[in-house]
Amino acid sequence: MKLKKSRIIGFMLSVFVIVVTIFSAVIGHKKNYSTLDNDCSAAVSIRDKSANFSARLNIYLSLHNDNTGYLDVVGKISEAGVSYTTARSWCFNYALQNGNTAYLTRLTMDKRAADDSPDGLVDRLIFSTDAGSGRYVKIAVLNNAWVIGNLYSPQFLCLIRDK
């Protein structure tokens, strides 16, 4: 009986040591991706058959601890068989609300010379901004990525860049 009890204790001690070792290794090598002071990038493909719209975009998002951010979108969009080049960026301020919800304000858009996309099309189907109001965005941290979405559903996975 004593032998069985000591084997069980020895086994549990071994498991405990292994778990602590693995936990320490993971924590020791894990980078701090949970902070919003990071940059991320994504390749996004959008297709909306009902709107006869498609897009292939590269997105870069940068958020800073001073509650400012930058979003850059470059790629091709198509509506009703007409193709456009999109090359624009937005600067904004953000305030975190209720955990992973950010409220974007003071959005300003910069449209580069290569961009021939109609503003209304981009506003309606890619990133809607209204100068008079803000915009809510969900940002969920997932290992070395952010899941970016609106209040209702995720939109894309943005991989955090190593600094």
# chains A, B, ... in the order shown; residues from 1 in each chain; ligands from 1
call {"tool": "residues_around", "arguments": {"residues": "A:Asn58", "least_positions_apart": "5", "cutoff": "8 Å", "atoms": "only C-alpha atoms", "output": "ChimeraX atom specification"}}
result
/A:41-44,73-75
call {"tool": "write_last_selection", "arguments": {"atoms": "N, CA and C atoms", "output": "mmCIF file, in the first residue's frame"}}
result
data_model
loop_
_atom_site.group_PDB
_atom_site.id
_atom_site.type_symbol
_atom_site.label_atom_id
_atom_site.label_comp_id
_atom_site.auth_asym_id
_atom_site.auth_seq_id
_atom_site.Cartn_x
_atom_site.Cartn_y
_atom_site.Cartn_z
ATOM 1 N N SER A 41 -0.185 43.284 -40.240
ATOM 2 C CA SER A 41 -0.519 43.342 -41.659
ATOM 3 C C SER A 41 -1.374 42.142 -42.033
ATOM 4 N N ALA A 42 -2.129 42.314 -43.118
ATOM 5 C CA ALA A 42 -3.038 41.262 -43.566
ATOM 6 C C ALA A 42 -3.242 41.351 -45.070
ATOM 7 N N ALA A 43 -3.469 40.214 -45.672
ATOM 8 C CA ALA A 43 -3.915 40.141 -47.058
ATOM 9 C C ALA A 43 -5.387 39.749 -46.988
ATOM 10 N N VAL A 44 -6.252 40.575 -47.568
ATOM 11 C CA VAL A 44 -7.688 40.387 -47.421
ATOM 12 C C VAL A 44 -8.336 40.259 -48.791
ATOM 13 N N VAL A 73 -4.441 50.889 -46.714
ATOM 14 C CA VAL A 73 -5.079 49.882 -47.562
ATOM 15 C C VAL A 73 -4.606 50.089 -48.998
ATOM 16 N N VAL A 74 -4.076 49.016 -49.607
ATOM 17 C CA VAL A 74 -3.586 49.067 -50.979
ATOM 18 C C VAL A 74 -4.062 47.814 -51.696
ATOM 19 N N GLY A 75 -4.546 47.976 -52.922
ATOM 20 C CA GLY A 75 -4.947 46.799 -53.687
ATOM 21 C C GLY A 75 -5.867 47.134 -54.830
#
call {"tool": "residues_around", "arguments": {"residues": "stretch 99-101 of chain A", "least_positions_apart": "2", "cutoff": "8 Å", "atoms": "only C-alpha atoms", "output": "JSON list (two decimals) with N, CA and C atoms, in the first residue's frame"}}
result
[["chain", "number", "residue", "atom", "x", "y", "z"],
["A", 96, "LEU", "N", -10.23, 52.85, -25.94],
["A", 96, "LEU", "CA", -10.72, 51.51, -25.65],
["A", 96, "LEU", "C", -11.95, 51.59, -24.76],
["A", 97, "GLN", "N", -12.94, 50.79, -25.10],
["A", 97, "GLN", "CA", -14.18, 50.73, -24.34],
["A", 97, "GLN", "C", -14.56, 49.27, -24.16],
["A", 103, "TYR", "N", -13.11, 52.77, -29.99],
["A", 103, "TYR", "CA", -13.92, 53.80, -30.64],
["A", 103, "TYR", "C", -12.96, 54.75, -31.36],
["A", 136, "TYR", "N", -16.84, 52.24, -34.36],
["A", 136, "TYR", "CA", -16.47, 51.19, -33.42],
["A", 136, "TYR", "C", -15.78, 50.05, -34.15],
["A", 137, "VAL", "N", -14.71, 49.52, -33.53],
["A", 137, "VAL", "CA", -13.96, 48.40, -34.09],
["A", 137, "VAL", "C", -13.65, 47.45, -32.94],
["A", 138, "LYS", "N", -13.78, 46.15, -33.21],
["A", 138, "LYS", "CA", -13.40, 45.13, -32.23],
["A", 138, "LYS", "C", -11.99, 44.66, -32.54],
["A", 139, "ILE", "N", -11.15, 44.57, -31.52],
["A", 139, "ILE", "CA", -9.78, 44.09, -31.67],
["A", 139, "ILE", "C", -9.55, 43.01, -30.61],
["A", 140, "ALA", "N", -9.49, 41.77, -31.06],
["A", 140, "ALA", "CA", -9.26, 40.66, -30.14],
["A", 140, "ALA", "C", -7.84, 40.14, -30.35]]
call {"tool": "closest_residue", "arguments": {"among": "A:Leu125, A:Asn65, A:Leu71, A:Ala114", "to": "A:Arg47", "atoms": "only C-alpha atoms"}}
result
A:Leu125
call {"tool": "residues_around", "arguments": {"residues": "A:Ser117", "least_positions_apart": "6", "cutoff": "10 Å", "atoms": "only C-alpha atoms", "output": "list of chain:residue names"}}
result
A:Lys76, A:Ile77, A:Ser78, A:Ser83, A:Tyr84, A:Thr85, A:Thr86, A:Ala87, A:Arg88, A:Lys111
call {"tool": "closest_residue", "arguments": {"among": "A:Leu104, A:Leu151, A:Val82, A:Ala51", "to": "A:Asn67", "atoms": "only C-alpha atoms"}}
result
A:Leu104
